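work.cif (mmCIF, C-alpha atoms and all ligand atoms) appears below.
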```cif
data_start
#
loop_
_atom_site.label_atom_id
_atom_site.label_comp_id
_atom_site.auth_asym_id
_atom_site.auth_seq_id
_atom_site.Cartn_x
_atom_site.Cartn_y
_atom_site.Cartn_z
CA MET A 1 88.45 97.44 83.06
CA VAL A 2 91.15 99.84 84.21
CA LYS A 3 94.29 98.46 85.86
CA ALA A 4 97.12 100.51 87.29
CA ILE A 5 100.69 99.23 87.21
CA VAL A 6 102.74 101.02 89.83
CA GLY A 7 105.89 100.56 91.91
CA ALA A 8 106.08 99.55 95.57
CA ASN A 9 109.61 100.77 96.15
CA TRP A 10 112.04 103.40 94.87
CA GLY A 11 111.39 102.79 91.16
CA ASP A 12 113.09 100.45 88.68
CA GLU A 13 110.99 97.53 89.90
CA GLY A 14 110.32 96.33 86.36
CA LYS A 15 107.02 98.14 85.72
CA GLY A 16 107.89 98.54 82.03
CA LYS A 17 108.32 94.82 81.59
CA ILE A 18 105.05 94.04 83.39
CA THR A 19 103.23 96.69 81.34
CA ASP A 20 104.71 95.34 78.10
CA THR A 21 103.58 91.83 79.12
CA LEU A 22 100.03 92.91 80.09
CA ALA A 23 99.71 95.26 77.11
CA LYS A 24 99.18 92.21 74.93
CA GLU A 25 95.66 91.93 76.39
CA SER A 26 95.04 95.68 76.57
CA ASP A 27 93.66 98.34 74.26
CA ILE A 28 95.03 101.51 75.80
CA ILE A 29 98.14 102.29 77.87
CA VAL A 30 98.32 105.61 79.69
CA ARG A 31 101.20 107.48 81.27
CA PHE A 32 99.69 109.65 84.01
CA GLN A 33 102.60 111.31 85.84
CA GLY A 34 106.32 112.03 85.74
CA GLY A 35 108.42 112.82 82.73
CA ALA A 36 111.55 111.76 80.95
CA ASN A 37 113.47 111.55 84.24
CA ALA A 38 113.07 107.83 84.71
CA GLY A 39 113.20 105.02 82.22
CA HIS A 40 111.54 101.73 81.66
CA THR A 41 113.73 99.10 80.10
CA ILE A 42 111.92 96.69 77.84
CA VAL A 43 113.25 93.63 76.09
CA ASN A 44 111.13 92.09 73.34
CA ASP A 45 111.34 90.69 69.83
CA TYR A 46 112.37 94.08 68.42
CA GLY A 47 115.36 94.43 70.75
CA LYS A 48 116.09 96.29 73.96
CA PHE A 49 114.58 99.71 74.55
CA ALA A 50 114.76 102.39 77.23
CA LEU A 51 111.48 104.32 77.21
CA HIS A 52 111.39 107.60 79.09
CA THR A 53 108.23 109.28 77.88
CA LEU A 54 106.38 106.79 75.71
CA PRO A 55 103.97 104.39 77.41
CA SER A 56 105.19 100.78 77.43
CA GLY A 57 102.37 99.67 75.14
CA VAL A 58 104.02 101.10 72.03
CA PHE A 59 105.33 97.75 70.85
CA TYR A 60 101.91 96.37 69.94
CA GLU A 61 100.05 97.53 66.86
CA HIS A 62 96.66 97.04 68.52
CA THR A 63 97.27 99.56 71.34
CA THR A 64 96.65 103.28 71.66
CA ASN A 65 99.18 105.03 73.89
CA VAL A 66 98.14 108.06 75.85
CA ILE A 67 100.24 110.84 77.31
CA GLY A 68 97.92 111.97 80.09
CA ASN A 69 97.44 115.45 81.51
CA GLY A 70 99.54 114.59 84.59
CA VAL A 71 102.71 114.01 82.58
CA ALA A 72 105.64 116.43 82.29
CA LEU A 73 105.74 116.44 78.51
CA ASP A 74 109.14 116.94 76.92
CA ILE A 75 108.07 117.27 73.29
CA PRO A 76 111.47 116.83 71.55
CA LYS A 77 112.23 113.80 73.70
CA LEU A 78 108.85 112.25 72.93
CA PHE A 79 109.53 112.54 69.23
CA SER A 80 113.11 111.37 69.31
CA GLU A 81 111.96 108.31 71.23
CA MET A 82 109.29 107.63 68.66
CA GLU A 83 111.85 108.01 65.81
CA ASP A 84 114.20 105.64 67.61
CA LEU A 85 111.51 102.95 67.76
CA VAL A 86 110.69 103.29 64.09
CA ALA A 87 114.41 103.20 63.19
CA LYS A 88 114.67 99.88 65.02
CA GLY A 89 111.80 98.38 63.05
CA VAL A 90 108.88 98.89 65.45
CA PRO A 91 105.68 99.88 63.58
CA LYS A 92 104.88 103.55 64.24
CA PRO A 93 102.87 103.50 67.47
CA LYS A 94 99.45 105.09 67.88
CA ILE A 95 99.89 108.00 70.29
CA ILE A 96 97.58 110.67 71.61
CA VAL A 97 98.63 113.59 73.81
CA SER A 98 96.41 115.36 76.30
CA ASN A 99 95.59 118.96 75.46
CA ARG A 100 95.97 119.60 79.20
CA ALA A 101 99.42 118.05 79.57
CA GLN A 102 101.99 120.70 80.41
CA ILE A 103 105.18 121.27 78.49
CA VAL A 104 108.69 120.86 79.86
CA MET A 105 110.30 124.12 78.77
CA PRO A 106 113.99 124.28 77.81
CA TYR A 107 114.55 126.50 80.87
CA HIS A 108 113.17 123.84 83.21
CA VAL A 109 116.13 121.66 82.28
CA LEU A 110 118.50 124.62 82.77
CA PHE A 111 117.06 125.51 86.19
CA ASP A 112 117.27 121.87 87.28
CA THR A 113 120.95 121.78 86.31
CA TYR A 114 121.79 125.18 87.87
CA GLU A 115 120.00 124.37 91.12
CA GLU A 116 121.71 120.98 91.53
CA ALA A 117 125.06 122.73 90.96
CA ARG A 118 124.16 125.45 93.49
CA LEU A 119 123.22 122.83 96.10
CA ALA A 120 126.47 120.97 95.38
CA GLY A 121 126.96 118.34 98.14
CA LYS A 122 123.34 118.79 99.30
CA SER A 123 121.79 118.11 95.90
CA PHE A 124 118.84 115.74 95.33
CA GLY A 125 120.62 113.63 92.76
CA SER A 126 118.23 114.91 90.10
CA THR A 127 118.47 113.48 86.57
CA LYS A 128 118.38 117.14 85.42
CA SER A 129 115.41 116.52 83.15
CA GLY A 130 113.68 119.63 84.46
CA ILE A 131 111.06 117.77 86.47
CA ALA A 132 111.21 119.68 89.78
CA PRO A 133 111.19 123.14 88.10
CA PHE A 134 108.42 121.92 85.79
CA TYR A 135 106.07 120.81 88.58
CA SER A 136 106.97 123.88 90.67
CA ASP A 137 105.80 126.06 87.80
CA LYS A 138 102.70 123.95 87.23
CA TYR A 139 101.55 124.48 90.80
CA ALA A 140 102.71 128.11 90.81
CA LYS A 141 100.38 128.44 87.82
CA ILE A 142 103.05 129.65 85.42
CA GLY A 143 103.28 126.43 83.41
CA PHE A 144 102.15 126.02 79.81
CA GLN A 145 99.50 123.53 78.79
CA VAL A 146 99.72 122.01 75.31
CA SER A 147 96.46 123.79 74.44
CA GLU A 148 98.16 127.16 75.03
CA LEU A 149 100.40 126.56 71.99
CA PHE A 150 97.34 127.22 69.85
CA ASP A 151 96.68 130.79 71.00
CA GLU A 152 99.76 132.61 69.80
CA ASP A 153 98.98 136.11 71.09
CA ALA A 154 98.17 134.95 74.59
CA LEU A 155 101.22 132.68 74.52
CA LYS A 156 103.58 135.54 73.64
CA GLU A 157 102.16 137.73 76.37
CA LYS A 158 102.44 135.00 78.98
CA LEU A 159 105.97 134.08 77.96
CA GLU A 160 107.11 137.65 78.47
CA ARG A 161 105.46 137.78 81.88
CA VAL A 162 106.95 134.47 83.04
CA LEU A 163 110.43 135.29 81.77
CA ILE A 164 110.62 138.44 83.91
CA GLN A 165 110.64 136.20 86.98
CA LYS A 166 112.93 133.57 85.45
CA ASN A 167 115.46 136.18 84.38
CA VAL A 168 115.70 137.67 87.87
CA LEU A 169 116.71 134.24 89.16
CA LEU A 170 119.11 133.63 86.28
CA GLU A 171 120.83 136.97 86.78
CA HIS A 172 120.99 137.21 90.54
CA LEU A 173 120.87 133.67 91.89
CA TYR A 174 122.55 131.56 89.22
CA HIS A 175 124.62 134.17 87.32
CA GLN A 176 123.70 132.60 83.99
CA PRO A 177 122.68 133.94 80.55
CA LEU A 178 119.16 135.42 80.38
CA LEU A 179 116.25 134.01 78.40
CA ASN A 180 114.80 135.66 75.34
CA ALA A 181 111.03 135.56 74.81
CA GLU A 182 111.20 135.64 71.01
CA GLU A 183 113.59 132.73 70.81
CA LEU A 184 111.47 130.72 73.20
CA PHE A 185 108.34 131.54 71.26
CA ALA A 186 110.00 130.22 68.10
CA THR A 187 110.94 127.02 69.93
CA LEU A 188 107.38 126.61 71.14
CA MET A 189 106.09 127.01 67.58
CA GLU A 190 108.37 124.13 66.59
CA TYR A 191 106.95 122.10 69.47
CA LYS A 192 103.46 122.96 68.25
CA SER A 193 104.08 121.65 64.75
CA MET A 194 105.50 118.41 66.18
CA VAL A 195 102.70 117.71 68.62
CA GLU A 196 99.66 119.09 66.77
CA PRO A 197 98.58 115.86 65.00
CA TYR A 198 98.42 114.00 68.31
CA VAL A 199 96.65 116.46 70.59
CA CYS A 200 93.14 115.76 71.85
CA ASP A 201 90.97 115.64 74.95
CA THR A 202 92.38 112.35 76.24
CA SER A 203 90.17 112.40 79.31
CA ALA A 204 87.05 112.38 77.12
CA TYR A 205 88.63 109.69 74.94
CA LEU A 206 89.31 107.50 77.99
CA TYR A 207 85.84 108.08 79.41
CA GLN A 208 84.31 106.80 76.19
CA ALA A 209 86.76 103.89 76.08
CA ILE A 210 85.66 102.88 79.58
CA GLN A 211 81.99 103.00 78.46
CA ASP A 212 82.95 100.79 75.52
CA GLY A 213 84.50 98.20 77.85
CA LYS A 214 88.09 98.66 76.68
CA ASN A 215 91.00 97.30 78.69
CA ILE A 216 93.10 100.20 79.94
CA LEU A 217 96.45 100.17 81.73
CA LEU A 218 97.68 103.13 83.74
CA GLU A 219 101.46 103.01 83.84
CA GLY A 220 103.18 104.60 86.83
CA GLN A 221 106.71 105.86 86.99
CA LEU A 222 109.05 105.43 89.99
CA GLY A 223 107.45 103.96 93.14
CA SER A 224 105.59 104.60 96.39
CA LEU A 225 108.67 105.74 98.28
CA LYS A 226 109.27 108.54 95.76
CA ASP A 227 105.77 109.96 96.19
CA PRO A 228 105.93 113.59 97.34
CA ASP A 229 103.35 113.01 100.12
CA HIS A 230 103.87 109.43 101.20
CA GLY A 231 107.49 108.83 100.24
CA ILE A 232 110.84 109.76 101.74
CA TYR A 233 110.31 113.52 101.45
CA PRO A 234 112.27 115.56 100.38
CA MET A 235 114.20 112.87 98.48
CA VAL A 236 111.16 112.21 96.32
CA THR A 237 109.99 113.02 92.84
CA SER A 238 107.74 115.97 92.08
CA SER A 239 104.54 114.20 90.99
CA SER A 240 102.51 111.56 92.76
CA THR A 241 103.61 108.02 91.95
CA LEU A 242 100.47 106.44 93.40
CA ALA A 243 97.69 104.56 91.62
CA GLY A 244 95.19 106.99 93.14
CA TYR A 245 96.80 109.79 91.19
CA GLY A 246 96.21 107.73 88.05
CA ALA A 247 92.61 108.93 88.12
CA ILE A 248 93.75 112.55 88.11
CA GLY A 249 96.72 112.28 85.78
CA ALA A 250 94.61 110.40 83.22
CA GLY A 251 91.35 112.24 83.93
CA ILE A 252 89.13 109.23 84.69
CA PRO A 253 86.76 108.43 87.57
CA PRO A 254 88.70 107.04 90.58
CA TYR A 255 86.25 104.16 91.06
CA GLU A 256 87.07 102.83 87.59
CA ILE A 257 90.54 101.68 88.70
CA GLN A 258 89.61 98.13 89.63
CA LYS A 259 93.00 96.52 89.88
CA VAL A 260 96.19 97.96 91.30
CA ILE A 261 99.12 95.78 90.30
CA THR A 262 102.03 96.83 92.45
CA VAL A 263 105.41 95.82 91.13
CA CYS A 264 107.83 94.77 93.82
CA LYS A 265 111.40 93.74 93.13
CA ALA A 266 112.91 90.65 94.81
CA TYR A 267 115.77 92.79 96.19
CA SER A 268 116.12 96.55 96.58
CA SER A 269 117.71 99.24 94.46
CA ALA A 270 117.46 103.01 94.58
CA VAL A 271 118.83 105.99 92.76
CA GLY A 272 119.47 109.45 94.10
CA ALA A 273 119.99 110.50 97.68
CA GLY A 274 117.88 109.56 100.72
CA ALA A 275 117.56 106.99 103.51
CA PHE A 276 117.81 103.39 102.30
CA VAL A 277 117.68 101.14 105.34
CA SER A 278 118.50 97.75 103.79
CA GLU A 279 121.34 99.16 101.65
CA ILE A 280 124.45 97.03 101.18
CA PHE A 281 127.92 98.15 100.18
CA GLY A 282 131.27 96.95 98.85
CA ALA A 283 131.77 93.68 97.01
CA GLU A 284 128.38 92.31 98.11
CA ALA A 285 126.58 95.29 96.54
CA GLU A 286 128.80 95.23 93.48
CA GLU A 287 127.95 91.61 92.75
CA LEU A 288 124.19 92.13 93.13
CA ARG A 289 124.41 95.31 90.99
CA ASN A 290 126.24 93.55 88.19
CA ARG A 291 123.96 90.51 88.21
CA GLY A 292 120.80 92.58 88.72
CA GLY A 293 118.09 93.57 86.26
CA ASP A 294 119.00 92.75 82.71
CA GLY A 295 122.69 93.52 82.33
CA GLY A 296 123.23 95.27 85.65
CA GLU A 297 121.51 97.81 87.85
CA TYR A 298 122.49 101.04 86.12
CA GLY A 299 120.07 103.92 85.53
CA ALA A 300 118.09 103.69 82.28
CA THR A 301 118.23 107.49 81.92
CA THR A 302 121.62 108.38 83.37
CA GLY A 303 123.67 105.17 83.38
CA ARG A 304 124.42 105.83 87.07
CA PRO A 305 125.09 102.76 89.22
CA ARG A 306 122.03 102.12 91.39
CA ARG A 307 122.34 101.77 95.17
CA MET A 308 121.67 98.16 96.16
CA GLY A 309 120.05 96.45 99.14
CA TRP A 310 118.25 93.35 100.35
CA PHE A 311 114.49 93.03 100.06
CA ASP A 312 112.85 95.38 102.55
CA CYS A 313 109.56 94.01 103.93
CA VAL A 314 108.88 97.16 105.96
CA ALA A 315 109.21 99.54 103.01
CA SER A 316 107.43 97.14 100.62
CA ARG A 317 104.49 96.43 102.95
CA TYR A 318 104.01 100.19 103.30
CA GLY A 319 104.64 100.76 99.59
CA CYS A 320 101.96 98.20 98.68
CA ARG A 321 99.47 99.53 101.22
CA ILE A 322 99.77 103.13 100.11
CA GLN A 323 99.20 102.09 96.48
CA GLY A 324 95.97 100.28 97.37
CA THR A 325 97.40 97.04 96.01
CA THR A 326 95.13 94.27 94.76
CA ASP A 327 97.95 92.20 93.20
CA VAL A 328 101.71 92.11 93.61
CA ALA A 329 103.99 91.38 90.65
CA PHE A 330 107.23 90.10 92.15
CA THR A 331 110.10 90.73 89.73
CA VAL A 332 113.74 89.90 88.97
CA LEU A 333 113.60 86.86 91.21
CA ASP A 334 115.91 84.96 88.85
CA VAL A 335 118.76 87.32 89.78
CA LEU A 336 118.97 85.93 93.33
CA GLY A 337 119.79 82.41 92.12
CA TYR A 338 123.52 82.84 92.84
CA LEU A 339 123.20 83.35 96.61
CA ASP A 340 123.75 80.62 99.23
CA GLU A 341 121.72 82.61 101.70
CA ILE A 342 119.45 85.61 101.17
CA PRO A 343 119.09 88.23 103.87
CA VAL A 344 115.70 89.97 104.07
CA CYS A 345 114.95 93.09 106.09
CA VAL A 346 111.95 92.26 108.30
CA GLY A 347 111.98 95.21 110.71
CA TYR A 348 113.57 98.56 111.50
CA GLU A 349 115.32 99.26 114.76
CA ILE A 350 114.84 102.90 115.67
CA ASP A 351 116.28 104.22 118.94
CA GLY A 352 116.44 100.69 120.38
CA LYS A 353 112.87 99.71 119.41
CA VAL A 354 111.94 97.38 116.55
CA THR A 355 109.05 98.32 114.30
CA THR A 356 107.49 97.01 111.09
CA ASP A 357 105.77 100.33 110.39
CA PHE A 358 107.46 102.56 107.84
CA PRO A 359 108.26 105.85 109.58
CA THR A 360 108.52 109.48 108.45
CA THR A 361 111.85 110.62 107.06
CA THR A 362 113.40 112.01 110.28
CA LEU A 363 112.97 108.64 112.01
CA LEU A 364 113.84 106.70 108.88
CA GLU A 365 117.29 108.32 108.84
CA ARG A 366 117.98 106.63 112.20
CA ALA A 367 116.57 103.19 111.31
CA LYS A 368 118.81 100.13 111.23
CA PRO A 369 117.73 96.97 109.40
CA VAL A 370 116.64 93.85 111.29
CA LEU A 371 117.64 91.02 108.97
CA GLU A 372 116.46 87.45 108.71
CA THR A 373 118.34 85.05 106.46
CA LEU A 374 116.62 82.59 104.15
CA PRO A 375 118.26 79.72 102.28
CA GLY A 376 119.00 80.33 98.59
CA TRP A 377 117.98 78.00 95.75
CA LYS A 378 121.24 78.07 93.84
CA THR A 379 119.80 77.42 90.40
CA ASP A 380 118.75 79.38 87.35
CA ILE A 381 114.95 79.68 87.42
CA ARG A 382 114.64 81.40 84.05
CA GLY A 383 112.40 79.56 81.64
CA ILE A 384 110.17 78.08 84.36
CA ARG A 385 106.50 78.78 83.62
CA THR A 386 104.56 77.30 86.54
CA TYR A 387 104.76 78.06 90.23
CA GLU A 388 105.04 74.38 91.23
CA GLU A 389 108.18 73.96 89.13
CA LEU A 390 110.07 76.60 91.09
CA PRO A 391 112.62 75.20 93.58
CA GLU A 392 111.25 74.76 97.08
CA ASN A 393 113.53 77.41 98.62
CA CYS A 394 112.46 79.85 95.94
CA ARG A 395 108.77 79.28 96.71
CA HIS A 396 109.64 79.61 100.38
CA TYR A 397 111.23 83.01 99.69
CA ILE A 398 108.15 84.19 97.77
CA GLU A 399 105.75 82.99 100.47
CA PHE A 400 107.90 84.53 103.21
CA VAL A 401 107.80 87.90 101.44
CA GLU A 402 104.08 87.58 100.77
CA ARG A 403 103.37 86.97 104.47
CA HIS A 404 105.45 89.96 105.51
CA ILE A 405 104.04 92.42 103.00
CA GLY A 406 100.45 91.21 103.44
CA PHE A 407 99.36 91.39 99.78
CA PRO A 408 98.98 88.49 97.32
CA ILE A 409 101.83 87.86 94.90
CA THR A 410 99.92 86.81 91.78
CA MET A 411 102.67 87.27 89.20
CA ILE A 412 106.32 86.30 89.35
CA SER A 413 108.77 87.63 86.81
CA ASN A 414 111.78 85.39 86.24
CA GLY A 415 113.53 87.10 83.35
CA PRO A 416 113.44 90.39 81.43
CA GLY A 417 111.49 89.05 78.43
CA ARG A 418 107.77 89.40 77.76
CA ASP A 419 107.05 85.75 78.40
CA ASP A 420 109.21 85.37 81.50
CA ILE A 421 106.21 85.40 83.76
CA ILE A 422 104.59 82.92 86.15
CA MET A 423 100.91 83.51 86.94
CA ARG A 424 99.86 82.34 90.37
CA GLY A 425 96.60 82.03 92.21
P1 LIG B 501 110.88 100.20 85.60
O1 LIG B 501 111.24 101.63 85.50
O2 LIG B 501 110.09 99.87 86.83
O3 LIG B 501 110.21 99.69 84.37
O4 LIG B 501 112.22 99.37 85.78
P2 LIG B 501 113.58 99.47 84.92
O5 LIG B 501 113.29 99.20 83.52
O6 LIG B 501 114.32 100.69 85.25
O7 LIG B 501 114.40 98.29 85.60
C1 LIG B 501 114.06 97.00 85.51
C2 LIG B 501 115.21 96.22 84.86
O8 LIG B 501 115.06 94.88 85.16
C3 LIG B 501 115.21 96.30 83.36
O9 LIG B 501 116.53 96.21 82.89
C4 LIG B 501 114.41 95.07 82.95
O10 LIG B 501 114.74 94.57 81.66
C5 LIG B 501 114.84 94.11 83.99
N1 LIG B 501 113.85 93.13 84.38
C6 LIG B 501 112.50 93.28 84.59
N2 LIG B 501 111.98 92.14 85.07
C7 LIG B 501 113.01 91.28 85.18
C8 LIG B 501 113.11 89.94 85.66
O11 LIG B 501 112.16 89.31 86.11
N3 LIG B 501 114.37 89.38 85.64
C9 LIG B 501 115.48 90.03 85.17
N4 LIG B 501 116.65 89.41 85.20
N5 LIG B 501 115.41 91.29 84.75
C10 LIG B 501 114.20 91.90 84.75
#
```
Would you write the structure of this file as structure tokens?
Amino acid sequence: MVKAIVGANWGDEGKGKITDTLAKESDIIVRFQGGANAGHTIVNDYGKFALHTLPSGVFYEHTTNVIGNGVALDIPKLFSEMEDLVAKGVPKPKIIVSNRAQIVMPYHVLFDTYEEARLAGKSFGSTKSGIAPFYSDKYAKIGFQVSELFDEDALKEKLERVLIQKNVLLEHLYHQPLLNAEELFATLMEYKSMVEPYVCDTSAYLYQAIQDGKNILLEGQLGSLKDPDHGIYPMVTSSSTLAGYGAIGAGIPPYEIQKVITVCKAYSSAVGAGAFVSEIFGAEAEELRNRGGDGGEYGATTGRPRRMGWFDCVASRYGCRIQGTTDVAFTVLDVLGYLDEIPVCVGYEIDGKVTTDFPTTTLLERAKPVLETLPGWKTDIRGIRTYEELPENCRHYIEFVERHIGFPITMISNGPGRDDIIMRG
């Protein structure tokens, strides 16, 4: 059975924690898109980890972890993450890397940084991990697949060809030092020696695993609203964040994805620029930020403070629909235990009209939140393991959200740990 674990919102919903929890019952965990630009924070018996490239199944000895073809593969980062795990006492994880995954080149990171600087006040708020230049090159057909590392003559020739274009931009647009093909080739040979033992046809491996009845998790990065097609374009990421793309980024038949577990956070947070209708500011935001997540809502990759907001039913209903949700995992609910009352965004007012349909970006920029306030539960719900034991107002909040988003909440996460989970229904 193949399950996808994806985000309903702007990312940071707690997908890593849900994946780590479900990985216990799984054989294979696959990353199918994105790169080292976002992070999953995981707390377990080994300690606290921020994973950027590794799938969240790496903490179990029984799992195989797959870097799928859809991933932006930063080879040095993958290996430093792996070394970090081992240094902290985690058994060396089983990893395989798709021979069709493309490589984040050192110049992708440079171009990301130069372009954000050039855009100055109009920048995207990129993490400068090279992701936008990487995917631009992939679709412009000047990217490098892992398999290309193994044909040195062709690689040299292609590098020289690609660098002609890159150097024109570096010289005339960014006024930065030029790239040297020989140096880059040497770097790529280092990458090759690092990655070689792990490379295989992961699509064929997964196909066989499906035939053998293995349990497979596809782990998404970011969330629906950062999808380049269905999100808040252009303030989106550069690869599809949707479960549907899991079939492509892992190389498996689409009909094999039988469950789509969409992770939805009990309040909102976002990083980077872009419309954020239920955003809150000042002391109210500060308090939620500091109490949020596990030790505050600060970026796992950059340490940047996240933008905070109340739960947004409009964005989440849309985010769940576009994922093809079968189950919702509702996370970080414990964090809201300090509030007397909890505002929830139930509609958007756009040009005097209220709607519950998530609009395109131009209209979204003009949307104002329609809020409804629910009573808080004013207790710490961590440690509770059954739905019935949750305070009445807490259950009321969950059921209110469930009605508004229109998809069943079957898992409730009430703490950052592996076992902080309530199964429902
Ligand atoms: P991801 O990228 O979707 O995996 O999300 P992040 O890891 O960026 O952010 C989620 C944060 O919330 C992490 O610090 C998690 O440890 C934490 N977290 C996840 N689930 C819960 C929960 O139910 N309660 C609390 N308090 N923290 C949680």
> Which residues sit within 7 Å of ligand LIG 501 (chain B), counting all atoms listed in the file, listed as JSON, numbers by chain?
Replying inline: {"A": [7, 11, 12, 13, 14, 15, 16, 17, 38, 39, 40, 41, 42, 43, 221, 222, 292, 293, 294, 295, 299, 300, 331, 332, 333, 334, 335, 413, 414, 415, 416, 420]}
> Using all atoms listed in the file, which residues sit within 10 Å of Tyr205 (chain A) once same-chain residues fewer than 5 positions away are excluded, as a PyMOL selection string?
Replying inline: chain A and resi 66+96+98+200+210+251-252
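The shortest atom-to-atom distance to Gly125 (chain A), with all atoms listed in the file taken into account, belongs to A:Thr302 out of A:Ser269, A:Ser26, A:Thr302, A:Ser193.
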> For Asp45 (chain A), which residue out of A:Asp340, A:Gly417, A:Met235, A:Arg306 is the nearest one, using all atoms listed in the file?
Replying inline: A:Gly417
>> Given only C-alpha atoms as the basis, pick out the residue of A:Thr19, A:Thr361, A:Thr379, A:Asn99 nearest to Thr202 (chain A).
In response: A:Asn99
>> Which residues are close to region 145-158 of chain A, i.e. within 7 Å by all atoms listed in the file, leaving aside same-chain residues fewer than 4 positions away? Reply as a ChimeraX atom specification.
In response: /A:99-103,162,185,192
Could the residues in this selection be written to a file with C-alpha atoms, as a PDB file, in the frame of the given file?
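See part-v8.pdb below for the written result:
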```
ATOM      1  CA  ASN A  99      95.590 118.960  75.460  1.00  0.00           C
ATOM      2  CA  ARG A 100      95.970 119.600  79.200  1.00  0.00           C
ATOM      3  CA  ALA A 101      99.420 118.050  79.570  1.00  0.00           C
ATOM      4  CA  GLN A 102     101.990 120.700  80.410  1.00  0.00           C
ATOM      5  CA  ILE A 103     105.180 121.270  78.490  1.00  0.00           C
ATOM      6  CA  VAL A 162     106.950 134.470  83.040  1.00  0.00           C
ATOM      7  CA  PHE A 185     108.340 131.540  71.260  1.00  0.00           C
ATOM      8  CA  LYS A 192     103.460 122.960  68.250  1.00  0.00           C
TER       9      LYS A 192
END
```
> CA of Gly34 (chain A) and CA of Ser129 (chain A), how far apart in Å?
Replying inline: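 Going from CA of Ser129 (chain A) over to CA of Gly34 (chain A) covers 10.5 Å.
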>> List the spatial neighbours of Val370 (chain A) as a PyMOL selection string - criterion: any atom at most 7 Å away, all atoms listed in the file, same-chain residues fewer than 6 positions off excluded.
In response: chain A and resi 345-349
>> Let me make sure I understand: among A:Pro55, A:Pro197, A:Gly70, A:Pro305, which one has the smallest atom-to-atom distance to Gly249 (chain A) if we use all atoms listed in the file?
In response: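 Ranking A:Pro55, A:Pro197, A:Gly70, A:Pro305 by distance to Gly249 (chain A), first place goes to A:Gly70.
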>> So the first atom is CA of His108 (chain A) and the second is CA of Gly130 (chain A); what is the distance between them in Å, to one decimal place?
In response: 4.4 Å
Incomplete region 82-94 of chain A filled out to N, CA and C atoms as an mmCIF file, in the coordinates of the input:
```cif
data_model
loop_
_atom_site.group_PDB
_atom_site.id
_atom_site.type_symbol
_atom_site.label_atom_id
_atom_site.label_comp_id
_atom_site.auth_asym_id
_atom_site.auth_seq_id
_atom_site.Cartn_x
_atom_site.Cartn_y
_atom_site.Cartn_z
ATOM 1 N N MET A 82 110.146 108.253 69.659
ATOM 2 C CA MET A 82 109.290 107.630 68.660
ATOM 3 C C MET A 82 110.121 107.298 67.402
ATOM 4 N N GLU A 83 111.002 108.243 66.995
ATOM 5 C CA GLU A 83 111.850 108.010 65.810
ATOM 6 C C GLU A 83 112.787 106.830 66.040
ATOM 7 N N ASP A 84 113.283 106.731 67.278
ATOM 8 C CA ASP A 84 114.200 105.640 67.610
ATOM 9 C C ASP A 84 113.505 104.285 67.453
ATOM 10 N N LEU A 85 112.261 104.209 67.888
ATOM 11 C CA LEU A 85 111.510 102.950 67.760
ATOM 12 C C LEU A 85 111.372 102.567 66.292
ATOM 13 N N VAL A 86 110.940 103.555 65.507
ATOM 14 C CA VAL A 86 110.690 103.290 64.090
ATOM 15 C C VAL A 86 111.999 102.873 63.400
ATOM 16 N N ALA A 87 113.105 103.538 63.782
ATOM 17 C CA ALA A 87 114.410 103.200 63.190
ATOM 18 C C ALA A 87 114.801 101.761 63.513
ATOM 19 N N LYS A 88 114.328 101.261 64.652
ATOM 20 C CA LYS A 88 114.670 99.880 65.020
ATOM 21 C C LYS A 88 113.623 98.872 64.546
ATOM 22 N N GLY A 89 112.718 99.326 63.694
ATOM 23 C CA GLY A 89 111.800 98.380 63.050
ATOM 24 C C GLY A 89 110.460 98.206 63.733
ATOM 25 N N VAL A 90 110.182 98.995 64.788
ATOM 26 C CA VAL A 90 108.880 98.890 65.450
ATOM 27 C C VAL A 90 107.870 99.677 64.609
ATOM 28 N N PRO A 91 106.689 99.108 64.320
ATOM 29 C CA PRO A 91 105.680 99.880 63.580
ATOM 30 C C PRO A 91 105.352 101.176 64.341
ATOM 31 N N LYS A 92 105.137 102.254 63.598
ATOM 32 C CA LYS A 92 104.880 103.550 64.240
ATOM 33 C C LYS A 92 103.704 103.429 65.214
ATOM 34 N N PRO A 93 103.944 103.707 66.487
ATOM 35 C CA PRO A 93 102.870 103.500 67.470
ATOM 36 C C PRO A 93 101.767 104.550 67.353
ATOM 37 N N LYS A 94 100.572 104.146 67.814
ATOM 38 C CA LYS A 94 99.450 105.090 67.880
ATOM 39 C C LYS A 94 99.566 105.846 69.194
#
```
